[in-house]
>>> print(open('data.csv').read())   # CSV, C-alpha atoms and all ligand atoms
chain,number,residue,atom,x,y,z
A,1,MET,CA,-6.5,104.0,119.9
A,2,ILE,CA,-4.6,106.0,122.5
A,3,ARG,CA,-3.9,102.7,124.3
A,4,GLY,CA,-2.6,101.2,121.2
A,5,ILE,CA,-0.2,104.1,120.6
A,6,VAL,CA,1.0,103.9,124.3
A,7,MET,CA,1.6,100.2,123.9
A,8,ARG,CA,3.4,100.7,120.7
A,9,PHE,CA,5.7,103.4,122.2
A,10,SER,CA,6.2,101.9,125.6
A,11,GLY,CA,6.7,98.4,124.3
A,12,TRP,CA,9.6,99.2,122.1
A,13,PRO,CA,12.1,100.4,124.6
A,14,LEU,CA,11.4,97.5,126.9
A,15,ALA,CA,11.8,95.0,124.1
A,16,ALA,CA,14.9,96.7,122.9
A,17,ALA,CA,16.4,96.8,126.4
A,18,PHE,CA,15.6,93.1,127.0
A,19,SER,CA,17.2,92.0,123.8
A,20,LEU,CA,20.2,94.2,124.3
A,21,THR,CA,20.6,92.7,127.8
A,22,LEU,CA,20.4,89.2,126.2
A,23,LEU,CA,22.9,90.2,123.6
A,24,GLY,CA,25.1,91.7,126.2
A,25,LEU,CA,25.0,88.6,128.3
A,26,THR,CA,25.8,86.3,125.4
A,27,ALA,CA,28.6,88.6,124.3
A,28,CYS,CA,30.1,88.5,127.7
A,29,ALA,CA,30.0,84.8,127.9
A,30,GLU,CA,31.6,84.3,124.5
A,31,ASP,CA,34.2,87.1,124.4
A,32,PRO,CA,37.7,86.1,125.3
A,33,LYS,CA,39.1,87.7,128.4
A,34,PRO,CA,40.6,91.1,127.6
A,35,VAL,CA,44.3,90.8,127.1
A,36,VAL,CA,46.1,93.0,129.6
A,37,GLN,CA,49.4,94.1,128.2
A,38,THR,CA,52.1,94.3,130.8
A,39,ALA,CA,55.6,95.6,130.0
A,40,ALA,CA,58.3,92.9,130.3
A,41,PRO,CA,60.4,93.5,133.4
A,42,ILE,CA,63.6,95.3,132.7
A,43,PRO,CA,66.5,93.0,133.8
A,44,ALA,CA,68.8,94.5,136.4
A,45,PRO,CA,72.2,95.5,134.8
A,46,SER,CA,74.9,92.9,135.3
A,47,LEU,CA,78.1,93.7,137.2
A,48,TYR,CA,79.8,93.8,133.8
A,49,GLN,CA,77.5,96.6,132.7
A,50,ARG,CA,77.8,98.4,136.0
A,51,LEU,CA,81.6,98.3,135.7
A,52,GLY,CA,81.2,100.2,132.3
A,53,GLU,CA,81.5,97.1,130.1
A,54,LYS,CA,84.8,96.3,128.4
A,55,ALA,CA,85.9,99.9,128.2
A,56,GLY,CA,85.3,100.5,131.9
A,57,ILE,CA,87.1,97.3,132.9
A,58,THR,CA,90.1,98.0,130.6
A,59,ALA,CA,90.5,101.5,132.2
A,60,VAL,CA,90.5,100.0,135.6
A,61,VAL,CA,93.0,97.2,134.6
A,62,ASP,CA,95.3,99.7,133.0
A,63,ASP,CA,95.5,101.8,136.1
A,64,PHE,CA,95.7,98.6,138.3
A,65,VAL,CA,98.8,97.5,136.4
A,66,VAL,CA,100.4,100.9,137.0
A,67,ASN,CA,99.7,100.5,140.7
A,68,ILE,CA,101.3,97.1,140.7
A,69,ALA,CA,104.4,98.3,138.9
A,70,GLY,CA,104.9,100.9,141.6
A,71,ASP,CA,104.2,98.6,144.5
A,72,GLN,CA,107.4,97.4,146.1
A,73,ARG,CA,105.5,94.7,147.9
A,74,VAL,CA,104.7,92.8,144.7
A,75,ASN,CA,106.3,94.3,141.5
A,76,ARG,CA,109.2,91.9,141.6
A,77,PHE,CA,106.8,89.1,140.7
A,78,PHE,CA,106.1,90.8,137.3
A,79,LYS,CA,109.7,91.4,136.2
A,80,LYS,CA,109.5,89.0,133.3
A,81,THR,CA,105.7,89.4,132.5
A,82,LYS,CA,104.5,90.5,129.1
A,83,ILE,CA,102.3,93.3,130.3
A,84,PRO,CA,100.0,93.7,127.3
A,85,THR,CA,99.2,89.9,127.3
A,86,PHE,CA,98.7,90.0,131.1
A,87,LYS,CA,96.3,92.9,130.8
A,88,MET,CA,94.4,91.3,127.9
A,89,HIS,CA,93.9,88.1,130.0
A,90,LEU,CA,92.9,90.0,133.1
A,91,VAL,CA,90.3,92.2,131.2
A,92,ASN,CA,88.8,89.1,129.6
A,93,GLN,CA,88.8,87.2,132.9
A,94,ILE,CA,87.0,90.1,134.7
A,95,CYS,CA,84.6,90.6,131.8
A,96,ALA,CA,83.6,86.9,131.6
A,97,GLY,CA,83.4,86.6,135.4
A,98,THR,CA,81.0,89.5,135.8
A,99,GLY,CA,78.5,88.5,133.1
A,100,GLY,CA,80.1,90.0,130.0
A,101,PRO,CA,80.4,88.5,126.6
A,102,CYS,CA,84.1,87.7,126.8
A,103,GLN,CA,86.1,84.5,126.9
A,104,TYR,CA,89.0,84.0,129.2
A,105,THR,CA,91.7,82.2,127.2
A,106,GLY,CA,94.5,82.4,129.7
A,107,ARG,CA,95.9,79.6,131.9
A,108,SER,CA,94.2,78.4,135.0
A,109,MET,CA,95.0,80.4,138.2
A,110,LYS,CA,96.5,77.4,139.8
A,111,VAL,CA,98.9,76.7,136.9
A,112,VAL,CA,99.9,80.4,136.5
A,113,HIS,CA,100.7,81.1,140.1
A,114,LYS,CA,101.9,77.7,141.1
A,115,SER,CA,105.6,78.3,141.6
A,116,MET,CA,105.5,82.0,142.5
A,117,GLY,CA,105.2,81.5,146.2
A,118,VAL,CA,102.5,84.3,146.5
A,119,SER,CA,101.8,85.0,150.2
A,120,GLU,CA,98.6,86.2,151.9
A,121,ALA,CA,100.3,89.6,152.3
A,122,ASN,CA,101.2,89.7,148.5
A,123,PHE,CA,97.6,88.9,147.7
A,124,ALA,CA,96.3,91.6,150.0
A,125,ALA,CA,98.7,94.1,148.4
A,126,VAL,CA,97.4,93.3,144.9
A,127,VAL,CA,93.8,93.6,146.1
A,128,GLU,CA,94.7,97.0,147.6
A,129,ASP,CA,96.2,98.1,144.3
A,130,LEU,CA,93.0,97.0,142.5
A,131,GLN,CA,90.8,98.8,145.1
A,132,LYS,CA,92.8,102.0,144.5
A,133,SER,CA,91.9,101.9,140.8
A,134,LEU,CA,88.2,101.0,141.5
A,135,ASN,CA,88.0,104.0,143.8
A,136,LYS,CA,89.7,106.2,141.2
A,137,PHE,CA,87.1,105.2,138.6
A,138,LYS,CA,84.3,105.7,141.2
A,139,VAL,CA,83.1,102.2,141.1
A,140,ALA,CA,80.3,101.9,143.7
A,141,SER,CA,81.3,100.2,146.9
A,142,GLN,CA,78.8,97.3,146.5
A,143,ASP,CA,80.1,96.7,143.0
A,144,GLN,CA,83.6,96.7,144.3
A,145,THR,CA,82.6,94.1,147.0
A,146,GLU,CA,80.9,92.0,144.4
A,147,LEU,CA,84.0,92.0,142.1
A,148,LEU,CA,86.4,91.3,145.0
A,149,ASN,CA,84.2,88.4,146.1
A,150,ILE,CA,84.4,86.9,142.7
A,151,LEU,CA,88.2,87.3,142.6
A,152,GLY,CA,88.4,86.1,146.2
A,153,THR,CA,87.2,82.7,145.1
A,154,MET,CA,90.5,82.3,143.2
A,155,LYS,CA,92.7,83.1,146.3
A,156,SER,CA,93.3,79.4,147.3
A,157,ASP,CA,94.7,78.8,143.8
A,158,ILE,CA,97.0,81.8,143.9
A,159,VAL,CA,98.3,81.9,147.4
A,160,THR,CA,100.8,79.1,147.8
A,161,ALA,CA,103.3,80.4,150.3
A,162,PRO,CA,102.8,78.8,153.7
A,163,ALA,CA,101.4,81.3,156.2
A,164,LYS,CA,104.2,82.6,158.4
A,165,ALA,CA,104.2,81.1,161.8
A,166,LYS,CA,103.5,83.6,164.5
A,167,PRO,CA,106.5,84.2,166.7
A,168,ALA,CA,106.0,82.3,169.9
A,169,ALA,CA,104.9,84.5,172.7
A,170,LYS,CA,107.8,85.5,174.9
A,171,PRO,CA,107.6,83.8,178.3
A,172,ALA,CA,107.0,86.3,181.0
A,173,PRO,CA,110.2,87.2,182.8
A,174,ALA,CA,110.6,85.4,186.0
A,175,ALA,CA,109.8,87.6,188.9
A,176,LYS,CA,112.9,88.8,190.6
A,177,PRO,CA,113.2,87.9,194.2
A,178,LYS,CA,112.7,90.9,196.3
A,179,PRO,CA,115.9,92.0,198.1
A,180,ALA,CA,115.6,91.1,201.7
A,181,ALA,CA,114.7,94.1,203.7
A,182,ALA,CA,117.8,95.6,205.2
A,183,LYS,CA,118.1,94.8,208.8
A,184,PRO,CA,118.1,97.9,211.0
A,185,ALA,CA,121.6,98.6,212.2
A,186,ALA,CA,122.2,97.5,215.8
A,187,ARG,CA,122.8,100.4,218.0
B,1,LIG,C1,92.6,87.8,142.6
B,1,LIG,C2,93.9,88.0,142.3
B,1,LIG,C3,94.5,87.6,141.0
B,1,LIG,C4,94.0,87.4,139.8
B,1,LIG,C5,92.5,87.5,139.4
B,1,LIG,C6,95.1,87.1,138.9
B,1,LIG,C7,94.9,86.9,137.5
B,1,LIG,C8,96.0,86.6,136.7
B,1,LIG,C9,95.8,86.4,135.2
B,1,LIG,C10,94.5,86.4,134.5
B,1,LIG,C11,97.0,86.2,134.7
B,1,LIG,C12,97.4,85.9,133.3
B,1,LIG,C13,97.3,84.4,133.0
B,1,LIG,C14,98.0,83.9,131.8
B,1,LIG,O1,99.0,84.6,131.4
B,1,LIG,O2,97.6,82.9,131.2
B,1,LIG,C15,98.0,86.3,135.8
B,1,LIG,C16,99.3,86.3,135.7
B,1,LIG,C17,100.2,86.6,136.7
B,1,LIG,N1,99.9,86.8,138.0
B,1,LIG,FE1,98.1,86.9,138.8
B,1,LIG,N2,96.3,87.2,139.6
B,1,LIG,C18,96.0,87.5,140.9
B,1,LIG,C19,96.8,87.6,141.9
B,1,LIG,C20,98.2,87.7,141.7
B,1,LIG,C21,99.1,87.9,142.8
B,1,LIG,C22,98.7,88.2,144.3
B,1,LIG,C23,100.4,87.9,142.2
B,1,LIG,C24,101.7,88.2,142.9
B,1,LIG,C25,101.8,89.0,143.9
B,1,LIG,C26,100.2,87.6,140.8
B,1,LIG,C27,101.2,87.5,139.9
B,1,LIG,C28,101.1,87.1,138.6
B,1,LIG,C29,102.1,87.1,137.7
B,1,LIG,C30,103.6,87.4,137.9
B,1,LIG,C31,101.6,86.8,136.4
B,1,LIG,C32,102.3,86.7,135.1
B,1,LIG,C33,102.8,85.3,134.8
B,1,LIG,C34,103.6,85.3,133.6
B,1,LIG,O3,104.2,86.3,133.2
B,1,LIG,O4,103.6,84.2,132.9
B,1,LIG,N3,98.9,87.4,140.6
B,1,LIG,N4,97.3,86.6,137.0
>>> encode(input="data.csv", output="structure tokens")
Amino acid sequence: MIRGIVMRFSGWPLAAAFSLTLLGLTACAEDPKPVVQTAAPIPAPSLYQRLGEKAGITAVVDDFVVNIAGDQRVNRFFKKTKIPTFKMHLVNQICAGTGGPCQYTGRSMKVVHKSMGVSEANFAAVVEDLQKSLNKFKVASQDQTELLNILGTMKSDIVTAPAKAKPAAKPAPAAKPKPAAAKPAAR
């Protein structure tokens, strides 16, 4: 009798554990792998975004054009230019070139600058005027470099004046013959 009770009580947990283990095993084999949800990587902001999008680019271009107007090295080129149209094209060009949602509808750089005779020095002056504005608007130096590199790819279409030939090095003056040592006067 006592043995029967022990059997009854000790048999249950064992049987239950055994069947649970089986259940567990089958459950493991059949369950799909748990889906681990990972957040999609946040894309790095484009140069367009880092420049402050269209508003930021427009502010820089407005200031840049003021710099050009006051720059004796290059302002003569822009005497007949319709400034609002020039600004609009420049903003769209920078916007499109830096990953923004704009379309450049102006002429090609080669066609626009073809007969202007822009020199290396003129180009460097315009870049300097732009850099002044980028600094004024606190554009990070690596973003400035990135933008100037993009614009730099257009240089060969813009600079058309032949590089000035360096003045030939002056020939060294011929060594003057030393005056003959004066003979000591005969006594
Ligand atoms: C990376 C440098 C430069 C860029 C990105 C650039 C870009 C442009 C753009 C987008 C236009 C407007 C195009 C159009 O009207 O269809 C333009 C026009 C013009 N650019 Fe440049 N440019 C650069 C350098 C220069 C330089 C160095 C000069 C002279 C020193 C210059 C002189 C002009 C002038 C005078 C116009 C107006 C042409 C007109 O009135 O029809 N540009 N440029």
>>> residues_around(input="data.csv", residues="Val65 in chain A", least_positions_apart="6", cutoff="9 Å", atoms="all atoms listed in the file", output="PDB file with C-alpha atoms, keeping the file's coordinate frame")
ATOM      1  CA  ILE A  83     102.300  93.300 130.300  1.00  0.00           C
ATOM      2  CA  LYS A  87      96.300  92.900 130.800  1.00  0.00           C
ATOM      3  CA  ASP A 129      96.200  98.100 144.300  1.00  0.00           C
ATOM      4  CA  LEU A 130      93.000  97.000 142.500  1.00  0.00           C
TER       5      LEU A 130
END
>>> residues_near_ligand(input="data.csv", ligand="ligand LIG 1 (chain B)", cutoff="7 Å", atoms="only C-alpha atoms and all ligand atoms", output="number ranges by chain")
A: 74, 77-78, 80-82, 85-86, 89-90, 93, 106-109, 112-113, 118, 122-123, 126-127, 151-152, 154-155, 158
>>> atom_distance(input="data.csv", atom1="CA of Thr98 in chain A", atom2="CA of Tyr48 in chain A")
4.9 Å
>>> closest_residue(input="data.csv", among="A:Ala59, A:Ile68, A:Met88, A:Val139", to="Leu47 in chain A", atoms="only C-alpha atoms")
A:Val139
>>> atom_distance(input="data.csv", atom1="CA of Cys102 in chain A", atom2="CA of Ile57 in chain A")
11.8 Å
>>> residues_around(input="data.csv", residues="Thr160 in chain A", least_positions_apart="2", cutoff="9 Å", atoms="all atoms listed in the file", output="list in words")
His113, Lys114, Ser115, Met116, Gly117, Val118, Ser119, Glu120, Ser156, Asp157, Ile158, Pro162 and Ala163 of chain A
>>> write_last_selection(input="data.csv", atoms="C-alpha atoms", output="PDB file, keeping the file's coordinate frame")
ATOM      1  CA  HIS A 113     100.700  81.100 140.100  1.00  0.00           C
ATOM      2  CA  LYS A 114     101.900  77.700 141.100  1.00  0.00           C
ATOM      3  CA  SER A 115     105.600  78.300 141.600  1.00  0.00           C
ATOM      4  CA  MET A 116     105.500  82.000 142.500  1.00  0.00           C
ATOM      5  CA  GLY A 117     105.200  81.500 146.200  1.00  0.00           C
ATOM      6  CA  VAL A 118     102.500  84.300 146.500  1.00  0.00           C
ATOM      7  CA  SER A 119     101.800  85.000 150.200  1.00  0.00           C
ATOM      8  CA  GLU A 120      98.600  86.200 151.900  1.00  0.00           C
ATOM      9  CA  SER A 156      93.300  79.400 147.300  1.00  0.00           C
ATOM     10  CA  ASP A 157      94.700  78.800 143.800  1.00  0.00           C
ATOM     11  CA  ILE A 158      97.000  81.800 143.900  1.00  0.00           C
ATOM     12  CA  PRO A 162     102.800  78.800 153.700  1.00  0.00           C
ATOM     13  CA  ALA A 163     101.400  81.300 156.200  1.00  0.00           C
TER      14      ALA A 163
END
>>> atom_distance(input="data.csv", atom1="CA of Glu53 in chain A", atom2="CA of Gly97 in chain A")
11.9 Å
>>> closest_residue(input="data.csv", among="A:Lys79, A:Pro32, A:Pro41, A:Leu51", to="Glu146 in chain A", atoms="all atoms listed in the file")
A:Leu51
>>> closest_residue(input="data.csv", among="A:Gln103, A:Asp143, A:Asn92, A:Val60", to="Pro45 in chain A", atoms="only C-alpha atoms")
A:Asp143
>>> closest_residue(input="data.csv", among="A:Ile94, A:Gly70, A:Ala124, A:Arg50", to="Lys138 in chain A", atoms="all atoms listed in the file")
A:Arg50
>>> closest_residue(input="data.csv", among="A:Val91, A:Ala140, A:Lys110, A:Ala39", to="Ala55 in chain A", atoms="only C-alpha atoms")
A:Val91
>>> decode(input="data.csv", residues="range 155-175 of chain A", atoms="N, CA and C atoms", output="PDB file, in the first residue's frame")
ATOM      1  N   LYS A 155      37.413  72.897 -63.227  1.00  0.00           N
ATOM      2  CA  LYS A 155      38.448  73.900 -63.517  1.00  0.00           C
ATOM      3  C   LYS A 155      38.929  73.857 -64.970  1.00  0.00           C
ATOM      4  N   SER A 156      39.150  72.654 -65.477  1.00  0.00           N
ATOM      5  CA  SER A 156      39.708  72.567 -66.839  1.00  0.00           C
ATOM      6  C   SER A 156      38.727  73.087 -67.893  1.00  0.00           C
ATOM      7  N   ASP A 157      37.428  73.150 -67.548  1.00  0.00           N
ATOM      8  CA  ASP A 157      36.441  73.705 -68.485  1.00  0.00           C
ATOM      9  C   ASP A 157      36.323  75.222 -68.339  1.00  0.00           C
ATOM     10  N   ILE A 158      36.815  75.758 -67.225  1.00  0.00           N
ATOM     11  CA  ILE A 158      36.638  77.185 -66.922  1.00  0.00           C
ATOM     12  C   ILE A 158      37.895  77.997 -67.239  1.00  0.00           C
ATOM     13  N   VAL A 159      39.029  77.461 -66.866  1.00  0.00           N
ATOM     14  CA  VAL A 159      40.286  78.183 -67.096  1.00  0.00           C
ATOM     15  C   VAL A 159      40.728  77.954 -68.540  1.00  0.00           C
ATOM     16  N   THR A 160      40.742  79.048 -69.300  1.00  0.00           N
ATOM     17  CA  THR A 160      41.094  78.913 -70.719  1.00  0.00           C
ATOM     18  C   THR A 160      42.309  79.757 -71.100  1.00  0.00           C
ATOM     19  N   ALA A 161      42.669  80.702 -70.203  1.00  0.00           N
ATOM     20  CA  ALA A 161      43.825  81.562 -70.539  1.00  0.00           C
ATOM     21  C   ALA A 161      45.092  80.738 -70.416  1.00  0.00           C
ATOM     22  N   PRO A 162      45.964  80.856 -71.397  1.00  0.00           N
ATOM     23  CA  PRO A 162      47.214  80.082 -71.287  1.00  0.00           C
ATOM     24  C   PRO A 162      48.005  80.551 -70.074  1.00  0.00           C
ATOM     25  N   ALA A 163      48.582  79.590 -69.397  1.00  0.00           N
ATOM     26  CA  ALA A 163      49.382  79.947 -68.213  1.00  0.00           C
ATOM     27  C   ALA A 163      50.498  80.868 -68.656  1.00  0.00           C
ATOM     28  N   LYS A 164      50.731  81.933 -67.849  1.00  0.00           N
ATOM     29  CA  LYS A 164      51.792  82.888 -68.218  1.00  0.00           C
ATOM     30  C   LYS A 164      53.143  82.199 -68.148  1.00  0.00           C
ATOM     31  N   ALA A 165      53.909  82.419 -69.190  1.00  0.00           N
ATOM     32  CA  ALA A 165      55.246  81.812 -69.177  1.00  0.00           C
ATOM     33  C   ALA A 165      56.070  82.511 -68.112  1.00  0.00           C
ATOM     34  N   LYS A 166      56.808  81.715 -67.387  1.00  0.00           N
ATOM     35  CA  LYS A 166      57.658  82.315 -66.349  1.00  0.00           C
ATOM     36  C   LYS A 166      58.764  83.108 -67.021  1.00  0.00           C
ATOM     37  N   PRO A 167      59.085  84.302 -66.496  1.00  0.00           N
ATOM     38  CA  PRO A 167      60.191  85.055 -67.109  1.00  0.00           C
ATOM     39  C   PRO A 167      61.474  84.239 -67.006  1.00  0.00           C
ATOM     40  N   ALA A 168      62.182  84.250 -68.127  1.00  0.00           N
ATOM     41  CA  ALA A 168      63.423  83.460 -68.144  1.00  0.00           C
ATOM     42  C   ALA A 168      64.360  83.949 -67.051  1.00  0.00           C
ATOM     43  N   ALA A 169      65.019  83.012 -66.430  1.00  0.00           N
ATOM     44  CA  ALA A 169      65.940  83.384 -65.354  1.00  0.00           C
ATOM     45  C   ALA A 169      67.048  84.256 -65.937  1.00  0.00           C
ATOM     46  N   LYS A 170      67.340  85.346 -65.211  1.00  0.00           N
ATOM     47  CA  LYS A 170      68.395  86.257 -65.701  1.00  0.00           C
ATOM     48  C   LYS A 170      69.738  85.550 -65.685  1.00  0.00           C
ATOM     49  N   PRO A 171      70.485  85.730 -66.778  1.00  0.00           N
ATOM     50  CA  PRO A 171      71.813  85.082 -66.728  1.00  0.00           C
ATOM     51  C   PRO A 171      72.665  85.764 -65.662  1.00  0.00           C
ATOM     52  N   ALA A 172      73.460  84.986 -65.011  1.00  0.00           N
ATOM     53  CA  ALA A 172      74.316  85.552 -63.960  1.00  0.00           C
ATOM     54  C   ALA A 172      75.274  86.555 -64.596  1.00  0.00           C
ATOM     55  N   PRO A 173      75.440  87.715 -63.977  1.00  0.00           N
ATOM     56  CA  PRO A 173      76.358  88.703 -64.577  1.00  0.00           C
ATOM     57  C   PRO A 173      77.767  88.134 -64.675  1.00  0.00           C
ATOM     58  N   ALA A 174      78.370  88.448 -65.812  1.00  0.00           N
ATOM     59  CA  ALA A 174      79.731  87.917 -66.020  1.00  0.00           C
ATOM     60  C   ALA A 174      80.665  88.469 -64.946  1.00  0.00           C
ATOM     61  N   ALA A 175      81.466  87.599 -64.444  1.00  0.00           N
ATOM     62  CA  ALA A 175      82.382  88.035 -63.379  1.00  0.00           C
ATOM     63  C   ALA A 175      83.332  89.095 -63.926  1.00  0.00           C
TER      64      ALA A 175
END
